[in-house]
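Student: The file below is upload31.cif, mmCIF, C-alpha atoms:
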data_query
loop_
_atom_site.label_atom_id
_atom_site.label_comp_id
_atom_site.auth_asym_id
_atom_site.auth_seq_id
_atom_site.Cartn_x
_atom_site.Cartn_y
_atom_site.Cartn_z
CA MET A 1 0.00 0.00 0.00
CA GLN A 2 1.28 3.47 -0.89
CA PRO A 3 2.26 5.70 2.07
CA ALA A 4 -0.17 8.48 2.92
CA VAL A 5 2.58 11.15 3.03
CA PHE A 6 4.24 12.49 -0.11
CA HIS A 7 6.92 15.09 -0.76
CA ALA A 8 6.74 16.61 -4.23
CA ILE A 9 8.23 19.46 -6.25
CA GLY A 10 5.92 21.38 -8.57
CA LEU A 11 7.21 23.48 -11.48
CA MET A 12 5.17 26.22 -13.11
CA SER A 13 6.13 28.63 -15.89
CA GLY A 14 3.37 31.10 -16.63
CA THR A 15 2.53 32.93 -19.83
CA SER A 16 3.73 36.23 -18.36
CA LEU A 17 7.34 34.88 -18.33
CA ASP A 18 8.19 36.30 -14.92
CA GLY A 19 10.19 33.19 -14.05
CA LEU A 20 10.02 29.54 -13.04
CA ASP A 21 8.03 28.86 -9.87
CA VAL A 22 9.45 25.95 -7.87
CA CYS A 23 7.46 24.64 -4.91
CA PHE A 24 8.45 21.78 -2.58
CA ALA A 25 5.49 20.63 -0.51
CA ARG A 26 4.36 17.89 1.82
CA PHE A 27 0.98 16.26 1.21
CA GLU A 28 -0.78 13.98 3.64
CA LYS A 29 -4.02 12.13 3.10
CA LYS A 30 -6.10 11.86 6.27
CA GLU A 31 -9.88 12.25 6.13
CA CYS A 32 -9.09 14.84 3.51
CA TRP A 33 -5.87 16.03 1.86
CA GLU A 34 -3.65 18.43 3.80
CA PHE A 35 -0.58 20.30 2.56
CA GLU A 36 2.36 22.32 3.76
CA ILE A 37 4.66 24.41 1.55
CA LEU A 38 8.18 23.61 2.79
CA LYS A 39 10.36 25.58 0.35
CA ALA A 40 9.46 27.72 -2.64
CA GLU A 41 11.09 30.30 -4.86
CA THR A 42 10.73 31.95 -8.23
CA LEU A 43 13.79 31.62 -10.43
CA PRO A 44 13.85 34.58 -12.86
CA TYR A 45 14.62 33.78 -16.48
CA SER A 46 17.77 35.22 -17.97
CA PRO A 47 17.10 37.65 -20.85
CA ALA A 48 18.20 34.90 -23.25
CA TRP A 49 15.74 32.34 -21.87
CA GLU A 50 12.95 34.89 -21.67
CA SER A 51 13.52 35.74 -25.33
CA ARG A 52 13.69 32.09 -26.40
CA LEU A 53 10.43 31.23 -24.67
CA ALA A 54 8.67 34.36 -25.92
CA ASP A 55 9.73 33.60 -29.51
CA ALA A 56 8.90 29.87 -29.33
CA ILE A 57 5.52 30.33 -31.02
CA HIS A 58 7.31 31.58 -34.18
CA LEU A 59 9.94 28.80 -34.42
CA PRO A 60 10.10 26.27 -37.25
CA SER A 61 9.43 22.69 -36.16
CA GLU A 62 13.06 21.55 -35.84
CA ALA A 63 14.03 24.54 -33.70
CA LEU A 64 10.94 24.04 -31.53
CA LEU A 65 11.84 20.38 -30.93
CA GLU A 66 15.36 21.46 -30.00
CA LEU A 67 13.92 24.00 -27.55
CA HIS A 68 11.59 21.35 -26.09
CA SER A 69 14.51 19.15 -25.06
CA GLY A 70 16.84 22.05 -24.21
CA TYR A 71 14.27 23.62 -21.91
CA GLY A 72 13.73 20.21 -20.29
CA PHE A 73 17.42 19.98 -19.41
CA TYR A 74 17.30 23.60 -18.17
CA LEU A 75 14.36 22.72 -15.87
CA GLY A 76 16.24 19.68 -14.63
CA LYS A 77 19.29 21.78 -13.74
CA CYS A 78 17.08 24.31 -11.96
CA VAL A 79 15.48 21.58 -9.85
CA LYS A 80 18.81 19.93 -9.10
CA ASN A 81 20.21 23.27 -7.87
CA PHE A 82 17.03 23.91 -5.83
CA ILE A 83 17.35 20.50 -4.14
CA GLN A 84 21.03 21.07 -3.34
CA LYS A 85 20.52 24.64 -2.14
CA HIS A 86 17.81 23.64 0.33
CA GLN A 87 19.33 20.21 1.11
CA LEU A 88 16.03 18.52 0.40
CA GLN A 89 15.48 14.90 1.40
CA ASN A 90 12.81 12.37 0.45
CA VAL A 91 11.62 13.99 -2.78
CA ASP A 92 9.10 11.49 -4.17
CA LEU A 93 8.49 13.16 -7.52
CA ILE A 94 8.74 16.26 -9.70
CA ALA A 95 5.59 17.48 -11.43
CA SER A 96 6.25 19.88 -14.30
CA HIS A 97 3.67 21.99 -16.08
CA GLY A 98 6.17 23.03 -18.77
CA HIS A 99 5.84 26.25 -20.73
CA THR A 100 2.84 26.69 -23.02
CA VAL A 101 3.67 27.50 -26.64
CA PHE A 102 0.46 26.49 -28.44
CA HIS A 103 -2.99 26.02 -26.98
CA GLN A 104 -5.75 25.28 -29.49
CA PRO A 105 -8.09 22.72 -27.90
CA GLN A 106 -10.68 23.24 -30.64
CA LYS A 107 -8.11 21.68 -32.99
CA LYS A 108 -7.30 18.95 -30.43
CA PHE A 109 -3.79 20.10 -29.54
CA THR A 110 -1.89 21.92 -26.85
CA LEU A 111 1.88 22.09 -26.36
CA GLN A 112 3.82 22.63 -23.17
CA ILE A 113 7.54 22.39 -23.87
CA GLY A 114 10.16 21.07 -21.43
CA ASP A 115 10.63 17.33 -21.98
CA GLY A 116 10.06 15.53 -18.67
CA ARG A 117 12.50 12.80 -19.66
CA ALA A 118 15.27 15.41 -19.76
CA ILE A 119 14.28 16.58 -16.26
CA LYS A 120 14.51 12.97 -15.07
CA LEU A 121 17.94 12.52 -16.67
CA GLU A 122 19.20 15.61 -14.83
CA THR A 123 17.69 14.80 -11.43
CA GLY A 124 17.32 11.03 -11.31
CA LEU A 125 13.82 11.49 -9.85
CA PRO A 126 10.42 10.38 -11.19
CA VAL A 127 8.92 13.18 -13.29
CA ILE A 128 5.30 13.68 -14.29
CA TYR A 129 4.63 16.08 -17.15
CA ASP A 130 2.28 16.87 -20.05
CA PHE A 131 -0.83 17.20 -17.90
CA ARG A 132 -2.96 18.92 -20.57
CA SER A 133 -2.80 16.88 -23.79
CA GLN A 134 -4.95 13.96 -22.67
CA ASP A 135 -7.78 16.27 -21.66
CA VAL A 136 -7.69 18.05 -25.02
CA LEU A 137 -7.82 14.70 -26.84
CA MET A 138 -10.87 13.84 -24.70
CA GLY A 139 -12.69 16.94 -25.96
CA GLY A 140 -11.74 19.24 -23.08
CA ASN A 141 -10.07 22.63 -23.02
CA GLY A 142 -7.00 21.21 -21.25
CA ALA A 143 -7.54 24.10 -18.84
CA PRO A 144 -7.97 25.10 -16.14
CA LEU A 145 -6.36 22.17 -14.31
CA VAL A 146 -5.95 23.68 -10.83
CA PRO A 147 -9.65 23.12 -9.86
CA ILE A 148 -8.76 19.63 -8.59
CA GLY A 149 -6.55 21.37 -6.01
CA ASP A 150 -9.26 23.93 -5.27
CA GLU A 151 -11.68 21.06 -4.68
CA LEU A 152 -9.41 18.96 -2.46
CA LEU A 153 -7.12 21.54 -0.79
CA PHE A 154 -9.07 24.86 -0.75
CA SER A 155 -12.72 23.85 -0.41
CA ARG A 156 -13.29 26.32 2.47
CA TYR A 157 -13.54 29.12 -0.12
CA GLU A 158 -16.58 29.55 -2.36
CA ALA A 159 -14.26 30.22 -5.30
CA CYS A 160 -10.58 30.51 -6.13
CA LEU A 161 -9.48 33.13 -8.63
CA ASN A 162 -6.02 33.31 -10.18
CA LEU A 163 -4.67 36.57 -11.60
CA GLY A 164 -1.77 35.65 -13.86
CA GLY A 165 -1.17 36.01 -17.57
CA PHE A 166 -4.87 35.22 -17.75
CA SER A 167 -7.46 35.37 -14.99
CA ASN A 168 -9.31 32.16 -14.28
CA ILE A 169 -11.78 31.05 -11.66
CA SER A 170 -12.88 27.79 -10.07
CA LEU A 171 -16.19 27.51 -8.20
CA LYS A 172 -19.06 25.18 -7.41
CA ILE A 173 -22.29 25.45 -9.39
CA ASN A 174 -25.08 22.99 -8.52
CA ASN A 175 -22.61 21.06 -6.37
CA GLN A 176 -20.25 20.56 -9.30
CA ARG A 177 -16.81 22.15 -9.65
CA VAL A 178 -16.59 24.30 -12.77
CA ALA A 179 -13.77 26.53 -13.94
CA PHE A 180 -12.92 28.78 -16.84
CA ASP A 181 -10.69 31.57 -18.04
CA ILE A 182 -12.21 35.01 -17.51
CA ALA A 183 -9.97 37.46 -19.38
CA PRO A 184 -6.34 38.21 -20.21
CA VAL A 185 -4.53 40.21 -17.54
CA ASN A 186 -0.73 40.36 -17.25
CA ILE A 187 -0.11 38.94 -20.71
CA ILE A 188 -1.54 42.22 -22.05
CA LEU A 189 -0.61 44.68 -19.27
CA ASN A 190 3.07 43.70 -19.37
CA VAL A 191 3.39 44.80 -23.01
CA PRO A 192 2.72 48.56 -22.60
CA ALA A 193 4.68 48.49 -19.31
CA ARG A 194 7.81 47.70 -21.35
CA HIS A 195 7.54 51.13 -22.98
CA PHE A 196 8.54 52.49 -19.57
CA HIS A 197 11.41 49.97 -19.20
CA LYS A 198 9.42 47.93 -16.70
CA LYS A 199 8.60 44.22 -16.85
CA PHE A 200 5.18 44.91 -15.33
CA ASP A 201 3.08 47.77 -14.00
CA GLU A 202 4.00 47.64 -10.31
CA ASN A 203 0.93 48.22 -8.10
CA GLY A 204 -0.84 49.50 -11.23
CA ASP A 205 0.89 52.85 -10.68
CA LEU A 206 1.28 53.52 -14.41
CA ALA A 207 -2.34 52.64 -15.13
CA ARG A 208 -3.46 55.12 -12.46
CA THR A 209 -1.96 57.97 -14.52
CA GLY A 210 -3.51 56.94 -17.85
CA HIS A 211 -6.89 57.81 -19.32
CA ILE A 212 -9.53 55.23 -20.16
CA SER A 213 -10.39 55.02 -23.84
CA GLU A 214 -14.15 54.49 -23.75
CA ASP A 215 -14.21 53.33 -27.38
CA LEU A 216 -11.54 50.71 -26.82
CA LEU A 217 -13.14 49.62 -23.56
CA SER A 218 -16.46 49.12 -25.32
CA GLU A 219 -14.81 47.07 -28.09
CA LEU A 220 -12.98 44.89 -25.58
CA ASN A 221 -16.07 44.25 -23.48
CA SER A 222 -18.00 43.33 -26.63
CA LEU A 223 -15.70 40.47 -27.66
CA ALA A 224 -17.65 37.27 -28.28
CA PHE A 225 -15.57 35.18 -25.84
CA TYR A 226 -17.14 36.93 -22.86
CA GLN A 227 -20.63 35.82 -23.90
CA GLN A 228 -19.66 32.17 -24.38
CA PRO A 229 -20.76 29.65 -21.74
CA CYS A 230 -18.12 27.84 -19.68
CA PRO A 231 -15.99 25.80 -19.83
CA LYS A 232 -13.74 27.97 -21.98
CA SER A 233 -10.07 28.87 -22.10
CA LEU A 234 -7.77 31.48 -23.60
CA GLY A 235 -4.31 31.40 -25.16
CA ILE A 236 -1.81 33.85 -26.62
CA GLU A 237 -3.17 33.08 -30.10
CA TRP A 238 -6.55 34.53 -29.08
CA CYS A 239 -4.85 37.68 -27.79
CA ASN A 240 -2.87 38.01 -31.02
CA GLU A 241 -6.05 37.71 -33.07
CA TYR A 242 -8.53 39.73 -31.03
CA ILE A 243 -6.81 41.95 -28.44
CA PHE A 244 -3.57 43.36 -29.82
CA PRO A 245 -5.10 44.54 -33.15
CA LEU A 246 -7.66 46.59 -31.20
CA CYS A 247 -5.00 48.13 -28.96
CA LYS A 248 -2.27 49.06 -31.43
CA GLU A 249 -3.27 52.73 -31.79
CA THR A 250 -3.73 53.35 -28.05
CA PRO A 251 -0.88 55.16 -26.19
CA PRO A 252 0.80 52.89 -23.60
CA LEU A 253 -0.44 54.71 -20.48
CA ASP A 254 -4.00 54.83 -21.77
CA LEU A 255 -3.80 51.16 -22.77
CA LEU A 256 -2.73 50.26 -19.23
CA ALA A 257 -5.61 52.27 -17.77
CA THR A 258 -8.15 50.89 -20.25
CA PHE A 259 -7.12 47.26 -20.03
CA THR A 260 -6.99 47.37 -16.22
CA GLU A 261 -10.55 48.71 -16.35
CA HIS A 262 -11.54 45.99 -18.81
CA ALA A 263 -10.09 43.19 -16.64
CA SER A 264 -11.86 44.55 -13.56
CA VAL A 265 -15.19 44.72 -15.43
CA GLN A 266 -14.97 41.12 -16.63
CA ILE A 267 -13.74 39.69 -13.32
CA SER A 268 -16.31 41.49 -11.16
CA LYS A 269 -19.06 40.50 -13.61
CA VAL A 270 -18.27 36.82 -12.99
CA LEU A 271 -18.20 37.32 -9.20
CA ASN A 272 -21.54 39.13 -9.28
CA GLU A 273 -23.31 36.79 -11.68
CA ASN A 274 -22.46 33.84 -9.42
CA GLN A 275 -23.35 35.78 -6.23
CA LEU A 276 -20.04 34.86 -4.64
CA LYS A 277 -19.36 35.99 -1.08
CA LYS A 278 -15.88 34.68 -0.26
CA VAL A 279 -13.21 34.39 -2.98
CA LEU A 280 -9.51 33.51 -2.61
CA PHE A 281 -7.31 35.60 -4.95
CA THR A 282 -3.81 34.41 -5.86
CA GLY A 283 -1.28 34.94 -8.67
CA GLY A 284 1.06 37.79 -9.55
CA GLY A 285 -1.78 40.12 -10.56
CA THR A 286 -2.90 40.15 -6.92
CA TYR A 287 -0.05 42.62 -6.26
CA ASN A 288 -1.65 45.07 -8.70
CA SER A 289 -3.40 47.12 -6.01
CA PHE A 290 -5.07 49.38 -8.60
CA LEU A 291 -6.71 46.37 -10.29
CA ILE A 292 -7.80 44.95 -6.93
CA GLU A 293 -9.29 48.33 -5.93
CA LYS A 294 -11.30 48.43 -9.14
CA ILE A 295 -12.62 44.88 -8.67
CA ARG A 296 -13.56 45.58 -5.04
CA ALA A 297 -15.44 48.71 -6.11
CA ARG A 298 -17.58 46.64 -8.48
CA THR A 299 -18.50 43.67 -6.29
CA ALA A 300 -19.85 42.88 -2.83
CA ALA A 301 -17.78 39.68 -2.72
CA GLU A 302 -15.17 39.46 0.03
CA ILE A 303 -11.81 39.24 -1.73
CA ILE A 304 -9.36 37.29 0.40
CA ILE A 305 -5.69 37.84 -0.36
CA PRO A 306 -3.47 35.30 1.45
CA GLY A 307 0.22 35.47 2.35
CA LYS A 308 2.90 35.93 -0.27
CA GLU A 309 3.81 32.22 -0.35
CA LEU A 310 0.34 31.15 -1.44
CA ILE A 311 -0.11 34.14 -3.79
CA ASP A 312 3.07 33.24 -5.64
CA PHE A 313 3.10 29.45 -5.51
CA LYS A 314 -0.48 28.14 -5.44
CA GLU A 315 -0.31 26.94 -9.05
CA ALA A 316 3.08 25.24 -8.61
CA LEU A 317 1.74 23.69 -5.37
CA ILE A 318 -1.27 22.27 -7.17
CA PHE A 319 0.83 20.83 -10.00
CA ALA A 320 2.92 19.07 -7.34
CA PHE A 321 -0.37 17.77 -5.91
CA MET A 322 -1.55 16.66 -9.36
CA GLY A 323 1.68 14.69 -9.67
CA VAL A 324 0.95 12.95 -6.36
CA LEU A 325 -2.56 12.07 -7.54
CA ARG A 326 -1.16 10.78 -10.85
CA LEU A 327 1.37 8.59 -9.02
CA ASN A 328 -1.55 7.08 -7.08
CA ASN A 329 -3.73 6.68 -10.20
CA GLU A 330 -6.35 9.02 -8.72
CA VAL A 331 -8.43 11.54 -10.65
CA ASN A 332 -6.43 14.77 -11.13
CA VAL A 333 -8.45 16.49 -13.89
CA LEU A 334 -12.12 17.38 -13.47
CA GLY A 335 -14.15 17.08 -16.66
CA SER A 336 -16.70 19.53 -15.25
CA ALA A 337 -13.96 22.16 -15.19
CA THR A 338 -12.28 21.48 -18.54
CA GLY A 339 -15.25 20.29 -20.58
CA SER A 340 -13.78 16.86 -21.31
CA SER A 341 -16.01 13.80 -21.47
CA LYS A 342 -15.21 12.62 -17.93
CA ASP A 343 -12.93 13.05 -14.91
CA HIS A 344 -9.57 11.39 -15.49
CA CYS A 345 -6.01 10.82 -14.33
CA SER A 346 -3.57 12.69 -16.56
CA GLY A 347 0.18 13.16 -16.90
CA VAL A 348 3.03 11.26 -18.52
CA ILE A 349 5.40 9.54 -16.09
CA ALA A 350 9.12 9.59 -16.88
#
Step by step, read the file and then write its structure as C-alpha cells.
Tutor:
Amino acid sequence: MQPAVFHAIGLMSGTSLDGLDVCFARFEKKECWEFEILKAETLPYSPAWESRLADAIHLPSEALLELHSGYGFYLGKCVKNFIQKHQLQNVDLIASHGHTVFHQPQKKFTLQIGDGRAIKLETGLPVIYDFRSQDVLMGGNGAPLVPIGDELLFSRYEACLNLGGFSNISLKINNQRVAFDIAPVNIILNVPARHFHKKFDENGDLARTGHISEDLLSELNSLAFYQQPCPKSLGIEWCNEYIFPLCKETPPLDLLATFTEHASVQISKVLNENQLKKVLFTGGGTYNSFLIEKIRARTAAEIIIPGKELIDFKEALIFAFMGVLRLNNEVNVLGSATGSSKDHCSGVIA
C-alpha cells in the first residue's frame, strides 16, 4: 500500500514569463488532503531564456523540438540546484507543467515544452509532465487544471481566482466544480509596461496615470468570448487575433488604464453573476493594487488575499499535488472544469 505522506516538487512557468516557480510541498491524506509548503522560490529567467520562450511560437518545427529538449534539461538543472541549495530529502516526484507554446483545444492540440525525460535525466527522480494533452484529446479545453486542487485543498472558499497572464476562476455550481478563463490580464498589461522599461506595472501605478479610452473599452467588453458559456479557455493566439489589433493605436499609459478597467469589469461580472461571497485571490496580478481596488469597487464579494507564499506558488503547489494524484492513479483532472467527457487521471510519467 502506498504511504499516505508524499513530498513533491511542482514546477510552473506562466505565460507572463516572470520566471520559473518551484514549490516543494508535503501532502498527507487523512480524512481529507492536507498540505504544507516547505520551500518555494521563483527563479527569474535570464534575458536569453525569456527571449527564447517568448519567440517559441514563431519557431520552425526543428528549432521548436530542439527548444523542447533544451528547456527540459534547463528545468532539470534548476530543480537539481534547488534541491542542493535547500538540502532537500525524500523527494518522491517532480511534477512539471512546462511552458505553453500552443494552446488550441478546438483543434485537439496543446503544447507545453520542457521534456520531462530530460528533467529525469538531470535529477534522477520520477517526473510527471504533459498534464494537458490527454484532456484536449478527450474533448476538453485542457484548462484550467488547478480546480482539482481547489476542490481537495481549498474547499473552504466559495471560489478561487487566479490573476496571472490570464485570470481564471474555479467555483461550485449545482454542487459541481466548474472553472474557466475570464480574461487576459498580465499577458496584455506587461506589453505597454515595457515602454517604460518595466517588466510589469508595479501596483498599477502607471495605469493610475492613464486615461480610459471608452471606445476601446467598449470594443474589448463586446468580444464574443465573454458571452460564451463555460468551460472555456484562452491562449496567446486569441490575444494576437482579437486583443492586440484593437490596442495598437492606443498610447501605452491609456492602454494600461483601459485594459486594467476591462479586466476589472470582466472579473467582477463573474463574481456578481455567481453571487459569490468569499473568494480567494492568488497569482502575480494580486499585487496590482489598482486592479484589486477596481474589482472591489464593483462587487460585494469578500476578496481574500493570502500570504505571499500562497499568492506566488499556489499553481506550482497544485501541479505538485496533481503529480501525487497521478502517481496514485487518482483523478487529477475534473471534466466539469475542462469540458472533457469525464474526470480522469492525466500526466506522462518519466
Student: Set the distance at 12 Å and use all atoms listed in the file: which residues neighbour Gly307 in chain A once local chain neighbours fewer than 5 positions away are removed? I'd like the list as a JSON list (two decimals) with C-alpha atoms, keeping the file's coordinate frame.
Tutor:
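As a result, result.json now contains:
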[["chain", "number", "residue", "atom", "x", "y", "z"],
["A", 37, "ILE", "CA", 4.66, 24.41, 1.55],
["A", 280, "LEU", "CA", -9.51, 33.51, -2.61],
["A", 281, "PHE", "CA", -7.31, 35.60, -4.95],
["A", 282, "THR", "CA", -3.81, 34.41, -5.86],
["A", 283, "GLY", "CA", -1.28, 34.94, -8.67],
["A", 286, "THR", "CA", -2.90, 40.15, -6.92],
["A", 287, "TYR", "CA", -0.05, 42.62, -6.26],
["A", 312, "ASP", "CA", 3.07, 33.24, -5.64],
["A", 313, "PHE", "CA", 3.10, 29.45, -5.51],
["A", 314, "LYS", "CA", -0.48, 28.14, -5.44]]
Student: Identify, on the basis of only C-alpha atoms, every residue whose closest approach to range 132-141 of chain A does not exceed 9 Å; exclude the query and any residue fewer than 5 positions from it along the same chain; express the result as a ChimeraX atom specification.
Tutor: /A:97,103-112,231-233,333,335,337-342,344-347
Student: Identify all residues satisfying the PyMOL selection byres ((chain A and resi 244) around 12) in the given file; provide them as a ChimeraX atom specification.
Tutor: /A:184,187-189,191-192,216,219-220,236-243,245-250,255,259
Student: Can you check which parts of range 126-172 of chain A lie within 12 Å of range 263-266 of chain A? Per residue, the shortest pair of atoms and distance in Å to one decimal, counting all atoms listed in the file, sorted by chain and number, as a tab-separated table.
Tutor:
residue	atom	partner	partner_atom	distance
A:Leu163	CA	A:Ala263	CA	9.9
A:Gly164	CA	A:Ala263	CA	11.6
A:Gly165	CA	A:Ala263	CA	11.5
A:Phe166	CA	A:Ala263	CA	9.6
A:Ser167	CA	A:Ala263	CA	8.4
A:Asn168	CA	A:Gln266	CA	10.9
A:Ile169	CA	A:Gln266	CA	11.7
Student: If you keep C-alpha atoms, can you produce a file of those selected residues as a tab-separated table (two decimals), keeping the file's coordinate frame?
Tutor:
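The result, written out as selection_22.tsv:
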chain	number	residue	atom	x	y	z
A	163	LEU	CA	-4.67	36.57	-11.60
A	164	GLY	CA	-1.77	35.65	-13.86
A	165	GLY	CA	-1.17	36.01	-17.57
A	166	PHE	CA	-4.87	35.22	-17.75
A	167	SER	CA	-7.46	35.37	-14.99
A	168	ASN	CA	-9.31	32.16	-14.28
A	169	ILE	CA	-11.78	31.05	-11.66
Student: Could you tell me, as a PyMOL selection string, exactly which residues end up selected when the PyMOL selection byres ((chain A and resi 36) around 6) is applied to this structure?
Tutor: chain A and resi 25-26+35+37
Student: What would the file look like if the residues just selected were written as a PDB file, in the coordinates of the input with C-alpha atoms?
Tutor:
ATOM      1  CA  ALA A  25       5.490  20.630  -0.510  1.00  0.00           C
ATOM      2  CA  ARG A  26       4.360  17.890   1.820  1.00  0.00           C
ATOM      3  CA  PHE A  35      -0.580  20.300   2.560  1.00  0.00           C
ATOM      4  CA  ILE A  37       4.660  24.410   1.550  1.00  0.00           C
TER       5      ILE A  37
END
Student: I would like the residues chosen by the PyMOL selection byres ((chain A and resi 145) around 10) on the shown file; could you give them as JSON, numbers by chain?
Tutor: {"A": [131, 132, 135, 141, 142, 143, 144, 146, 147, 148, 149, 150, 170, 179, 180, 315, 318, 319, 322, 332, 333, 334, 335, 337, 338]}
